[in-house]
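Data from start_11.pdb: PDB, C-alpha atoms and all ligand atoms
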```
ATOM      1  CA  MET X   1     -81.456  17.601 -58.402
ATOM      2  CA  SER X   2     -83.352  16.226 -61.384
ATOM      3  CA  ASN X   3     -86.514  14.157 -61.220
ATOM      4  CA  TRP X   4     -86.160  10.414 -61.896
ATOM      5  CA  PHE X   5     -88.015  10.683 -65.215
ATOM      6  CA  GLU X   6     -85.642  13.305 -66.639
ATOM      7  CA  THR X   7     -82.786  10.874 -67.309
ATOM      8  CA  THR X   8     -82.708   7.463 -68.936
ATOM      9  CA  ASP X   9     -80.727   6.151 -65.951
ATOM     10  CA  GLY X  10     -83.394   7.499 -63.607
ATOM     11  CA  ILE X  11     -86.125   5.727 -65.555
ATOM     12  CA  TRP X  12     -84.130   2.482 -65.678
ATOM     13  CA  THR X  13     -83.737   2.554 -61.897
ATOM     14  CA  LYS X  14     -87.429   3.386 -61.461
ATOM     15  CA  VAL X  15     -88.503   0.553 -63.774
ATOM     16  CA  TRP X  16     -86.612  -2.070 -61.792
ATOM     17  CA  GLY X  17     -87.599  -0.474 -58.499
ATOM     18  CA  THR X  18     -91.227  -0.693 -59.593
ATOM     19  CA  LEU X  19     -90.898  -4.351 -60.573
ATOM     20  CA  GLY X  20     -89.241  -5.040 -57.227
ATOM     21  CA  ARG X  21     -92.103  -3.319 -55.399
ATOM     22  CA  GLY X  22     -94.530  -5.475 -57.330
ATOM     23  CA  VAL X  23     -92.858  -8.611 -56.048
ATOM     24  CA  ALA X  24     -92.708  -7.370 -52.452
ATOM     25  CA  ASP X  25     -96.061  -5.596 -52.118
ATOM     26  CA  ALA X  26     -99.294  -7.482 -52.865
ATOM     27  CA  LYS X  27    -101.176  -4.204 -53.349
ATOM     28  CA  HIS X  28     -98.746  -2.621 -55.795
ATOM     29  CA  PRO X  29     -99.909  -2.365 -59.435
ATOM     30  CA  ALA X  30     -96.747  -4.105 -60.637
ATOM     31  CA  ARG X  31     -97.831  -7.169 -58.643
ATOM     32  CA  ARG X  32    -100.247  -8.225 -61.393
ATOM     33  CA  PRO X  33     -98.861  -7.547 -64.842
ATOM     34  CA  THR X  34    -100.696  -8.428 -67.984
ATOM     35  CA  PHE X  35     -98.838 -11.319 -69.615
ATOM     36  CA  ALA X  36     -99.288 -11.521 -73.375
ATOM     37  CA  THR X  37     -98.419 -14.339 -75.735
ATOM     38  CA  VAL X  38     -99.330 -15.448 -79.242
ATOM     39  CA  SER X  39    -101.445 -18.598 -79.573
ATOM     40  CA  PRO X  40    -100.223 -21.467 -81.758
ATOM     41  CA  ASP X  41    -102.662 -20.292 -84.470
ATOM     42  CA  GLY X  42    -101.491 -16.692 -84.275
ATOM     43  CA  TRP X  43    -104.030 -14.992 -81.995
ATOM     44  CA  PRO X  44    -102.805 -12.402 -79.520
ATOM     45  CA  GLU X  45    -103.807 -13.404 -75.973
ATOM     46  CA  ALA X  46    -103.385 -11.624 -72.661
ATOM     47  CA  ARG X  47    -104.060 -12.503 -69.052
ATOM     48  CA  THR X  48    -103.147 -11.350 -65.554
ATOM     49  CA  VAL X  49    -100.373 -13.124 -63.672
ATOM     50  CA  VAL X  50     -98.637 -12.499 -60.359
ATOM     51  CA  LEU X  51     -95.075 -11.231 -60.539
ATOM     52  CA  ARG X  52     -92.997 -13.583 -58.377
ATOM     53  CA  THR X  53     -89.431 -12.332 -58.792
ATOM     54  CA  ALA X  54     -87.675  -9.484 -60.571
ATOM     55  CA  ASP X  55     -83.910  -9.745 -60.947
ATOM     56  CA  HIS X  56     -82.429  -6.394 -61.867
ATOM     57  CA  GLU X  57     -78.905  -7.730 -62.450
ATOM     58  CA  GLY X  58     -79.831 -10.546 -64.805
ATOM     59  CA  ALA X  59     -82.868  -8.686 -66.169
ATOM     60  CA  GLU X  60     -85.256 -11.588 -65.573
ATOM     61  CA  VAL X  61     -88.751 -11.773 -64.147
ATOM     62  CA  VAL X  62     -90.642 -14.872 -63.059
ATOM     63  CA  ALA X  63     -94.293 -15.941 -62.989
ATOM     64  CA  HIS X  64     -95.885 -19.226 -61.945
ATOM     65  CA  THR X  65     -98.582 -21.104 -63.791
ATOM     66  CA  ASP X  66    -100.382 -24.403 -64.378
ATOM     67  CA  LEU X  67     -98.477 -26.619 -66.792
ATOM     68  CA  HIS X  68    -101.761 -27.545 -68.510
ATOM     69  CA  SER X  69    -102.913 -23.978 -69.127
ATOM     70  CA  ASP X  70    -103.198 -22.686 -72.678
ATOM     71  CA  LYS X  71    -100.393 -20.183 -72.217
ATOM     72  CA  ILE X  72     -97.972 -23.135 -71.976
ATOM     73  CA  LYS X  73     -99.051 -24.378 -75.411
ATOM     74  CA  SER X  74     -98.545 -20.867 -76.746
ATOM     75  CA  LEU X  75     -95.117 -20.588 -75.159
ATOM     76  CA  GLN X  76     -94.117 -23.998 -76.478
ATOM     77  CA  ALA X  77     -95.018 -22.821 -79.982
ATOM     78  CA  ASN X  78     -93.433 -19.385 -79.510
ATOM     79  CA  PRO X  79     -91.368 -18.916 -76.328
ATOM     80  CA  ARG X  80     -91.885 -15.164 -76.136
ATOM     81  CA  ALA X  81     -94.092 -13.049 -73.905
ATOM     82  CA  ALA X  82     -94.755  -9.364 -73.315
ATOM     83  CA  LEU X  83     -95.569  -8.036 -69.857
ATOM     84  CA  HIS X  84     -97.428  -4.783 -69.329
ATOM     85  CA  ILE X  85     -97.765  -2.659 -66.186
ATOM     86  CA  TRP X  86     -99.442   0.702 -65.650
ATOM     87  CA  ASP X  87     -98.478   2.369 -62.395
ATOM     88  CA  ALA X  88    -100.910   5.291 -62.189
ATOM     89  CA  LYS X  89     -99.313   6.810 -59.083
ATOM     90  CA  GLN X  90     -96.014   7.192 -60.904
ATOM     91  CA  ASP X  91     -97.604   7.906 -64.305
ATOM     92  CA  LEU X  92     -95.425   5.094 -65.593
ATOM     93  CA  GLN X  93     -96.167   2.457 -68.212
ATOM     94  CA  ILE X  94     -93.690  -0.418 -68.404
ATOM     95  CA  ARG X  95     -93.628  -2.917 -71.244
ATOM     96  CA  LEU X  96     -91.244  -5.861 -71.286
ATOM     97  CA  GLN X  97     -90.490  -8.153 -74.208
ATOM     98  CA  THR X  98     -89.126 -11.435 -72.962
ATOM     99  CA  GLU X  99     -87.915 -14.875 -73.946
ATOM    100  CA  VAL X 100     -89.542 -17.477 -71.724
ATOM    101  CA  ARG X 101     -88.122 -20.687 -70.292
ATOM    102  CA  ILE X 102     -90.618 -23.174 -68.841
ATOM    103  CA  THR X 103     -89.484 -25.252 -65.872
ATOM    104  CA  SER X 104     -91.537 -27.950 -64.149
ATOM    105  CA  GLY X 105     -91.414 -31.355 -62.459
ATOM    106  CA  HIS X 106     -88.253 -32.258 -60.579
ATOM    107  CA  ASP X 107     -86.700 -28.845 -61.251
ATOM    108  CA  THR X 108     -89.481 -26.956 -59.459
ATOM    109  CA  ARG X 109     -90.165 -29.413 -56.615
ATOM    110  CA  ALA X 110     -88.099 -27.558 -54.001
ATOM    111  CA  LEU X 111     -89.900 -24.310 -54.833
ATOM    112  CA  TRP X 112     -93.310 -26.054 -54.744
ATOM    113  CA  ASP X 113     -92.618 -27.261 -51.214
ATOM    114  CA  LYS X 114     -92.161 -23.632 -50.087
ATOM    115  CA  ILE X 115     -95.477 -22.425 -51.558
ATOM    116  CA  PRO X 116     -98.223 -22.019 -48.925
ATOM    117  CA  ASP X 117    -101.163 -24.479 -49.139
ATOM    118  CA  HIS X 118    -103.669 -21.834 -50.234
ATOM    119  CA  ALA X 119    -101.391 -20.746 -53.097
ATOM    120  CA  GLN X 120    -100.787 -24.344 -54.211
ATOM    121  CA  GLN X 121    -104.532 -24.427 -54.976
ATOM    122  CA  SER X 122    -103.795 -22.451 -58.141
ATOM    123  CA  TYR X 123    -101.867 -25.305 -59.695
ATOM    124  CA  GLY X 124    -103.809 -28.464 -60.448
ATOM    125  CA  VAL X 125    -107.449 -28.600 -61.491
ATOM    126  CA  THR X 126    -109.567 -31.392 -62.961
ATOM    127  CA  PRO X 127    -110.442 -31.175 -65.780
ATOM    128  CA  PRO X 128    -107.440 -29.116 -66.955
ATOM    129  CA  PRO X 129    -107.779 -25.308 -67.297
ATOM    130  CA  GLY X 130    -109.816 -24.220 -70.302
ATOM    131  CA  THR X 131    -111.733 -27.526 -70.666
ATOM    132  CA  PRO X 132    -115.473 -26.989 -71.383
ATOM    133  CA  ILE X 133    -117.666 -28.037 -68.408
ATOM    134  CA  ASN X 134    -121.468 -28.338 -68.110
ATOM    135  CA  MET X 135    -121.935 -26.301 -64.941
ATOM    136  CA  ALA X 136    -119.792 -23.444 -63.610
ATOM    137  CA  LEU X 137    -118.459 -25.470 -60.684
ATOM    138  CA  ASP X 138    -117.954 -28.818 -62.427
ATOM    139  CA  TYR X 139    -114.265 -28.896 -61.555
ATOM    140  CA  ALA X 140    -112.095 -29.907 -58.624
ATOM    141  CA  LYS X 141    -108.966 -28.140 -57.384
ATOM    142  CA  LYS X 142    -106.280 -30.730 -56.794
ATOM    143  CA  PRO X 143    -102.962 -29.112 -55.929
ATOM    144  CA  ASP X 144    -100.373 -31.157 -57.768
ATOM    145  CA  PRO X 145     -96.653 -30.426 -58.000
ATOM    146  CA  ALA X 146     -96.645 -32.112 -61.400
ATOM    147  CA  THR X 147     -98.766 -29.295 -62.836
ATOM    148  CA  PHE X 148     -96.710 -26.472 -61.325
ATOM    149  CA  ALA X 149     -94.656 -24.533 -63.864
ATOM    150  CA  VAL X 150     -92.235 -21.655 -63.494
ATOM    151  CA  LEU X 151     -91.996 -19.149 -66.336
ATOM    152  CA  THR X 152     -88.588 -17.499 -66.317
ATOM    153  CA  CYS X 153     -88.793 -14.478 -68.567
ATOM    154  CA  LYS X 154     -85.473 -13.192 -69.825
ATOM    155  CA  VAL X 155     -86.056  -9.533 -70.585
ATOM    156  CA  MET X 156     -84.807  -8.571 -74.034
ATOM    157  CA  HIS X 157     -86.382  -5.145 -74.387
ATOM    158  CA  ILE X 158     -88.033  -2.576 -72.126
ATOM    159  CA  ASP X 159     -90.213   0.318 -73.250
ATOM    160  CA  ALA X 160     -91.090   2.842 -70.545
ATOM    161  CA  VAL X 161     -93.428   5.811 -70.885
ATOM    162  CA  HIS X 162     -93.785   8.575 -68.303
ATOM    163  CA  LEU X 163     -96.909  10.685 -68.684
ATOM    164  CA  GLY X 164     -96.062  13.780 -66.690
ATOM    165  CA  ALA X 165     -96.577  17.400 -67.751
ATOM    166  CA  ASP X 166     -94.274  16.347 -70.576
ATOM    167  CA  HIS X 167     -94.429  12.873 -72.040
ATOM    168  CA  ARG X 168     -91.190  10.931 -72.074
ATOM    169  CA  ARG X 169     -90.501   7.553 -73.620
ATOM    170  CA  VAL X 170     -87.339   5.495 -73.460
ATOM    171  CA  SER X 171     -86.316   2.080 -74.715
ATOM    172  CA  PHE X 172     -83.688  -0.250 -73.308
ATOM    173  CA  SER X 173     -82.424  -3.369 -75.090
ATOM    174  CA  ARG X 174     -80.298  -6.229 -73.911
ATOM    175  CA  VAL X 175     -78.385  -6.113 -77.233
ATOM    176  CA  SER X 176     -77.516  -2.458 -76.539
ATOM    177  CA  HIS X 177     -76.386  -3.364 -73.010
ATOM    178  CA  TRP X 178     -79.425  -1.527 -71.625
ATOM    179  CA  LYS X 179     -78.227   1.869 -72.802
ATOM    180  CA  GLY X 180     -81.322   4.075 -72.726
ATOM    181  CA  GLN X 181     -82.641   5.521 -75.974
ATOM    182  CA  TRP X 182     -85.202   8.317 -75.889
ATOM    183  CA  LEU X 183     -88.107   7.827 -78.300
ATOM    184  CA  SER X 184     -90.776  10.148 -79.499
ATOM    185  CA  PRO X 185     -93.795   9.227 -77.383
TER     186      PRO X 185
HETATM  187  C1  LIG E 201    -105.513 -11.193 -60.121
HETATM  188  C2  LIG E 201    -105.198 -12.425 -60.947
HETATM  189  C3  LIG E 201    -103.979 -13.046 -60.772
HETATM  190  C4  LIG E 201    -103.680 -14.182 -61.532
HETATM  191  N1  LIG E 201    -102.451 -14.768 -61.375
HETATM  192  C5  LIG E 201    -102.110 -15.805 -62.178
HETATM  193  C6  LIG E 201    -100.807 -16.369 -62.124
HETATM  194  O1  LIG E 201     -99.932 -15.937 -61.360
HETATM  195  N2  LIG E 201    -100.540 -17.405 -62.953
HETATM  196  C7  LIG E 201    -101.458 -17.900 -63.824
HETATM  197  O2  LIG E 201    -101.155 -18.844 -64.555
HETATM  198  N3  LIG E 201    -102.709 -17.401 -63.902
HETATM  199  C8  LIG E 201    -103.050 -16.363 -63.106
HETATM  200  N4  LIG E 201    -104.295 -15.821 -63.181
HETATM  201  C9  LIG E 201    -105.290 -16.432 -64.099
HETATM  202  C10 LIG E 201    -104.951 -16.003 -65.518
HETATM  203  O3  LIG E 201    -105.227 -14.627 -65.686
HETATM  204  C11 LIG E 201    -105.713 -16.850 -66.569
HETATM  205  O4  LIG E 201    -107.089 -16.712 -66.382
HETATM  206  C12 LIG E 201    -105.342 -18.326 -66.469
HETATM  207  O5  LIG E 201    -103.957 -18.484 -66.192
HETATM  208  C13 LIG E 201    -105.636 -19.027 -67.787
HETATM  209  O6  LIG E 201    -104.930 -18.379 -68.802
HETATM  210  P1  LIG E 201    -104.556 -19.081 -70.183
HETATM  211  O7  LIG E 201    -105.749 -19.913 -70.587
HETATM  212  O8  LIG E 201    -104.288 -17.966 -71.115
HETATM  213  O9  LIG E 201    -103.357 -19.947 -69.962
HETATM  214  C14 LIG E 201    -104.619 -14.694 -62.452
HETATM  215  C15 LIG E 201    -105.841 -14.034 -62.622
HETATM  216  C16 LIG E 201    -106.119 -12.927 -61.880
HETATM  217  C17 LIG E 201    -107.437 -12.236 -62.093
END
```

Take the structure in the file and give it back as structure tokens.
Ligand SMILES: Cc1cc2nc3c(=O)[nH]c(=O)nc-3n(C[C@H](O)[C@H](O)[C@H](O)COP(=O)(O)O)c2cc1C
Amino acid sequence: MSNWFETTDGIWTKVWGTLGRGVADAKHPARRPTFATVSPDGWPEARTVVLRTADHEGAEVVAHTDLHSDKIKSLQANPRAALHIWDAKQDLQIRLQTEVRITSGHDTRALWDKIPDHAQQSYGVTPPPGTPINMALDYAKKPDPATFAVLTCKVMHIDAVHLGADHRRVSFSRVSHWKGQWLSP
């Protein structure tokens, strides 16, 4: 039997299995991908987010954020994001290129009601995220469903690298119906 990294199908299954583990397991490295966007004035920007869902069938992943955070302005200007994960135990780097849909307000109210109180604290702060303040703690957390936003990231492209004794790299694209293509690493 071959190892998972020896076939493009094996890597595809491992990629989505890894994303699924990230959603289910708070300690898994895929739990906290780096989420990269481009600012309205063209600067690359990256930050950690929590992976909330990973839908293998539809090839979508979801993160939650504050509607007033800078990443929303970036996504409004350019609704694309890259996500990056390095799973050292599996020697696997996963990079996703995605198109992002922002949902908030009435459309996310039912989901907001299911979020535990301590987690709601992450959405709603006065003054809004990124505002200059005089002292480090000159802000107040005010959980507010109106500031809760869901980022639904439609995966368009996946680049996976396995760094075993041999290095293997494969790309998968939505336009190619996710048929794996080996690449020189
Ligand atoms: C471990 C960790 C998890 C985080 N999870 C999220 C998250 O799920 N959503 C989010 O908007 N910010 C999250 N943050 C904060 C972001 O990394 C970032 O600091 C904040 O969203 C402001 O980013 P922005 O100004 O680029 O919008 C997390 C930070 C850390 C360190």

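All residues, whether protein, DNA or RNA, that have an atom at most 7 Å from ligand LIG 201 (chain E) (counting only C-alpha atoms and all ligand atoms) are X:Arg32, X:Glu45, X:Ala46, X:Arg47, X:Thr48, X:Val49, X:Val50, X:Leu51, X:Ala63, X:His64, X:Thr65, X:Asp66, X:Ser69, X:Asp70, X:Lys71, X:Ile72, X:Pro129, X:Gly130.
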
What are the centre and the three edge lengths of an axis-aligned box that wraps all atoms of range 151-166 of chain X in the file, given that 3 Å is added to every side, written as AutoDock Vina command-line options and rounded to one decimal in Å?
```
--center_x -90.9 --center_y -0.9 --center_z -70.4 --size_x 18.1 --size_y 42.5 --size_z 14.1
```

Which residues, written as a compact mmCIF listing (two decimals) with C-alpha atoms, in the frame of the given file, have at least one atom at most 12 Å from range 157-162 of chain X, with only C-alpha atoms counted and residues fewer than 3 positions away on the same chain left out?
```
# COMPACT_ATOMS: atom_id res chain seq x y z
CA ASN X 3 -86.51 14.16 -61.22
CA TRP X 4 -86.16 10.41 -61.90
CA PHE X 5 -88.02 10.68 -65.22
CA GLU X 6 -85.64 13.30 -66.64
CA THR X 7 -82.79 10.87 -67.31
CA THR X 8 -82.71 7.46 -68.94
CA ASP X 9 -80.73 6.15 -65.95
CA GLY X 10 -83.39 7.50 -63.61
CA ILE X 11 -86.12 5.73 -65.56
CA TRP X 12 -84.13 2.48 -65.68
CA THR X 13 -83.74 2.55 -61.90
CA LYS X 14 -87.43 3.39 -61.46
CA VAL X 15 -88.50 0.55 -63.77
CA TRP X 16 -86.61 -2.07 -61.79
CA THR X 18 -91.23 -0.69 -59.59
CA ALA X 59 -82.87 -8.69 -66.17
CA GLU X 60 -85.26 -11.59 -65.57
CA ARG X 80 -91.88 -15.16 -76.14
CA ALA X 81 -94.09 -13.05 -73.90
CA ALA X 82 -94.76 -9.36 -73.32
CA LEU X 83 -95.57 -8.04 -69.86
CA HIS X 84 -97.43 -4.78 -69.33
CA ILE X 85 -97.76 -2.66 -66.19
CA TRP X 86 -99.44 0.70 -65.65
CA ASP X 87 -98.48 2.37 -62.40
CA ALA X 88 -100.91 5.29 -62.19
CA LYS X 89 -99.31 6.81 -59.08
CA GLN X 90 -96.01 7.19 -60.90
CA ASP X 91 -97.60 7.91 -64.31
CA LEU X 92 -95.42 5.09 -65.59
CA GLN X 93 -96.17 2.46 -68.21
CA ILE X 94 -93.69 -0.42 -68.40
CA ARG X 95 -93.63 -2.92 -71.24
CA LEU X 96 -91.24 -5.86 -71.29
CA GLN X 97 -90.49 -8.15 -74.21
CA THR X 98 -89.13 -11.44 -72.96
CA GLU X 99 -87.92 -14.88 -73.95
CA CYS X 153 -88.79 -14.48 -68.57
CA LYS X 154 -85.47 -13.19 -69.82
CA ALA X 165 -96.58 17.40 -67.75
CA ASP X 166 -94.27 16.35 -70.58
CA HIS X 167 -94.43 12.87 -72.04
CA ARG X 168 -91.19 10.93 -72.07
CA ARG X 169 -90.50 7.55 -73.62
CA VAL X 170 -87.34 5.50 -73.46
CA SER X 171 -86.32 2.08 -74.72
CA PHE X 172 -83.69 -0.25 -73.31
CA SER X 173 -82.42 -3.37 -75.09
CA ARG X 174 -80.30 -6.23 -73.91
CA VAL X 175 -78.39 -6.11 -77.23
CA SER X 176 -77.52 -2.46 -76.54
CA HIS X 177 -76.39 -3.36 -73.01
CA TRP X 178 -79.42 -1.53 -71.62
CA LYS X 179 -78.23 1.87 -72.80
CA GLY X 180 -81.32 4.08 -72.73
CA GLN X 181 -82.64 5.52 -75.97
CA TRP X 182 -85.20 8.32 -75.89
CA LEU X 183 -88.11 7.83 -78.30
CA SER X 184 -90.78 10.15 -79.50
CA PRO X 185 -93.80 9.23 -77.38
```

*asked:* I'd like the interatomic distance between CA of His118 in chain X and CA of Pro29 in chain X, to a tenth of an Å.
replied: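 Value for the CA of His118 in chain X-CA of Pro29 in chain X distance: 21.9 Å.
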
_Going by the chain IDs and residue numbers used in this file, which residues fall under the PyMOL selection byres (((chain X and resi 142-146) around 6) and not hetatm)? Write them as a ChimeraX atom specification._
/X:105,120-121,123-125,141,147-148

*Skipping near chain neighbours, those fewer than 4 positions away, what residues fall within 9 Å of Leu19 in chain X using all atoms listed in the file, listed as a VMD selection string?*
chain X and resid 14 to 15 23 to 24 30 to 31 51 53 to 56 61

*Distance in Å - CA of Asp107 in chain X versus CA of Lys73 in chain X*: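 Between these atoms lies a distance of 19.3 Å.
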
*Report the distance between CA of Val38 in chain X and CA of Pro132 in chain X in Å, rounded to one decimal place.*
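Rounded to one decimal, the two atoms are 21.3 Å apart.
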
*Selected residue, from X:Gln76, X:Val100, X:Arg21, X:His68, that lies nearest to Thr152 in chain X when counting all atoms listed in the file*: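 Ranking X:Gln76, X:Val100, X:Arg21, X:His68 by distance to Thr152 in chain X, first place goes to X:Val100.
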
Write range 130-151 of chain X as an mmCIF file, keeping the file's coordinate frame, completed to N, CA, C and O atoms.
```
data_model
loop_
_atom_site.group_PDB
_atom_site.id
_atom_site.type_symbol
_atom_site.label_atom_id
_atom_site.label_comp_id
_atom_site.auth_asym_id
_atom_site.auth_seq_id
_atom_site.Cartn_x
_atom_site.Cartn_y
_atom_site.Cartn_z
ATOM 1 N N GLY X 130 -109.343 -24.504 -68.943
ATOM 2 C CA GLY X 130 -109.816 -24.220 -70.302
ATOM 3 C C GLY X 130 -110.692 -25.307 -70.897
ATOM 4 O O GLY X 130 -111.250 -25.132 -71.981
ATOM 5 N N THR X 131 -110.874 -26.453 -70.170
ATOM 6 C CA THR X 131 -111.733 -27.526 -70.666
ATOM 7 C C THR X 131 -113.201 -27.116 -70.513
ATOM 8 O O THR X 131 -113.596 -26.637 -69.442
ATOM 9 N N PRO X 132 -114.044 -27.289 -71.549
ATOM 10 C CA PRO X 132 -115.473 -26.989 -71.383
ATOM 11 C C PRO X 132 -116.103 -27.878 -70.298
ATOM 12 O O PRO X 132 -115.797 -29.076 -70.232
ATOM 13 N N ILE X 133 -116.957 -27.287 -69.450
ATOM 14 C CA ILE X 133 -117.666 -28.037 -68.408
ATOM 15 C C ILE X 133 -119.152 -27.662 -68.463
ATOM 16 O O ILE X 133 -119.492 -26.574 -68.938
ATOM 17 N N ASN X 134 -120.027 -28.565 -67.988
ATOM 18 C CA ASN X 134 -121.468 -28.338 -68.110
ATOM 19 C C ASN X 134 -121.955 -27.231 -67.185
ATOM 20 O O ASN X 134 -122.730 -26.367 -67.582
ATOM 21 N N MET X 135 -121.513 -27.294 -65.921
ATOM 22 C CA MET X 135 -121.935 -26.301 -64.941
ATOM 23 C C MET X 135 -120.695 -25.544 -64.462
ATOM 24 O O MET X 135 -119.586 -26.070 -64.514
ATOM 25 N N ALA X 136 -120.928 -24.326 -63.946
ATOM 26 C CA ALA X 136 -119.792 -23.444 -63.610
ATOM 27 C C ALA X 136 -118.807 -24.080 -62.634
ATOM 28 O O ALA X 136 -117.606 -23.797 -62.685
ATOM 29 N N LEU X 137 -119.346 -24.929 -61.726
ATOM 30 C CA LEU X 137 -118.459 -25.470 -60.684
ATOM 31 C C LEU X 137 -118.138 -26.949 -60.897
ATOM 32 O O LEU X 137 -117.770 -27.659 -59.943
ATOM 33 N N ASP X 138 -118.264 -27.413 -62.122
ATOM 34 C CA ASP X 138 -117.954 -28.818 -62.427
ATOM 35 C C ASP X 138 -116.445 -29.037 -62.576
ATOM 36 O O ASP X 138 -115.961 -29.487 -63.617
ATOM 37 N N TYR X 139 -115.720 -28.661 -61.548
ATOM 38 C CA TYR X 139 -114.265 -28.896 -61.555
ATOM 39 C C TYR X 139 -113.825 -29.130 -60.115
ATOM 40 O O TYR X 139 -114.555 -28.802 -59.166
ATOM 41 N N ALA X 140 -112.650 -29.711 -59.960
ATOM 42 C CA ALA X 140 -112.095 -29.907 -58.624
ATOM 43 C C ALA X 140 -110.659 -29.404 -58.607
ATOM 44 O O ALA X 140 -109.879 -29.708 -59.513
ATOM 45 N N LYS X 141 -110.349 -28.606 -57.575
ATOM 46 C CA LYS X 141 -108.966 -28.140 -57.384
ATOM 47 C C LYS X 141 -108.189 -29.268 -56.731
ATOM 48 O O LYS X 141 -108.588 -29.774 -55.679
ATOM 49 N N LYS X 142 -107.122 -29.661 -57.359
ATOM 50 C CA LYS X 142 -106.280 -30.730 -56.794
ATOM 51 C C LYS X 142 -104.826 -30.298 -56.889
ATOM 52 O O LYS X 142 -104.160 -30.585 -57.895
ATOM 53 N N PRO X 143 -104.350 -29.580 -55.873
ATOM 54 C CA PRO X 143 -102.962 -29.112 -55.929
ATOM 55 C C PRO X 143 -102.024 -30.267 -56.262
ATOM 56 O O PRO X 143 -102.110 -31.327 -55.651
ATOM 57 N N ASP X 144 -101.196 -30.054 -57.260
ATOM 58 C CA ASP X 144 -100.373 -31.157 -57.768
ATOM 59 C C ASP X 144 -99.038 -30.579 -58.233
ATOM 60 O O ASP X 144 -99.001 -29.782 -59.181
ATOM 61 N N PRO X 145 -97.951 -30.985 -57.600
ATOM 62 C CA PRO X 145 -96.653 -30.426 -58.000
ATOM 63 C C PRO X 145 -96.325 -30.723 -59.457
ATOM 64 O O PRO X 145 -95.565 -29.977 -60.083
ATOM 65 N N ALA X 146 -96.933 -31.762 -60.002
ATOM 66 C CA ALA X 146 -96.645 -32.112 -61.400
ATOM 67 C C ALA X 146 -97.215 -31.092 -62.376
ATOM 68 O O ALA X 146 -96.806 -31.050 -63.539
ATOM 69 N N THR X 147 -98.182 -30.293 -61.920
ATOM 70 C CA THR X 147 -98.766 -29.295 -62.836
ATOM 71 C C THR X 147 -98.220 -27.887 -62.578
ATOM 72 O O THR X 147 -98.676 -26.928 -63.196
ATOM 73 N N PHE X 148 -97.271 -27.786 -61.676
ATOM 74 C CA PHE X 148 -96.710 -26.472 -61.325
ATOM 75 C C PHE X 148 -95.589 -26.119 -62.309
ATOM 76 O O PHE X 148 -94.676 -26.923 -62.521
ATOM 77 N N ALA X 149 -95.681 -24.953 -62.903
ATOM 78 C CA ALA X 149 -94.656 -24.533 -63.864
ATOM 79 C C ALA X 149 -94.156 -23.134 -63.537
ATOM 80 O O ALA X 149 -94.929 -22.257 -63.127
ATOM 81 N N VAL X 150 -92.872 -22.951 -63.709
ATOM 82 C CA VAL X 150 -92.235 -21.655 -63.494
ATOM 83 C C VAL X 150 -91.874 -21.079 -64.862
ATOM 84 O O VAL X 150 -91.267 -21.768 -65.693
ATOM 85 N N LEU X 151 -92.290 -19.841 -65.075
ATOM 86 C CA LEU X 151 -91.996 -19.149 -66.336
ATOM 87 C C LEU X 151 -90.903 -18.118 -66.064
ATOM 88 O O LEU X 151 -91.151 -17.091 -65.412
#
```
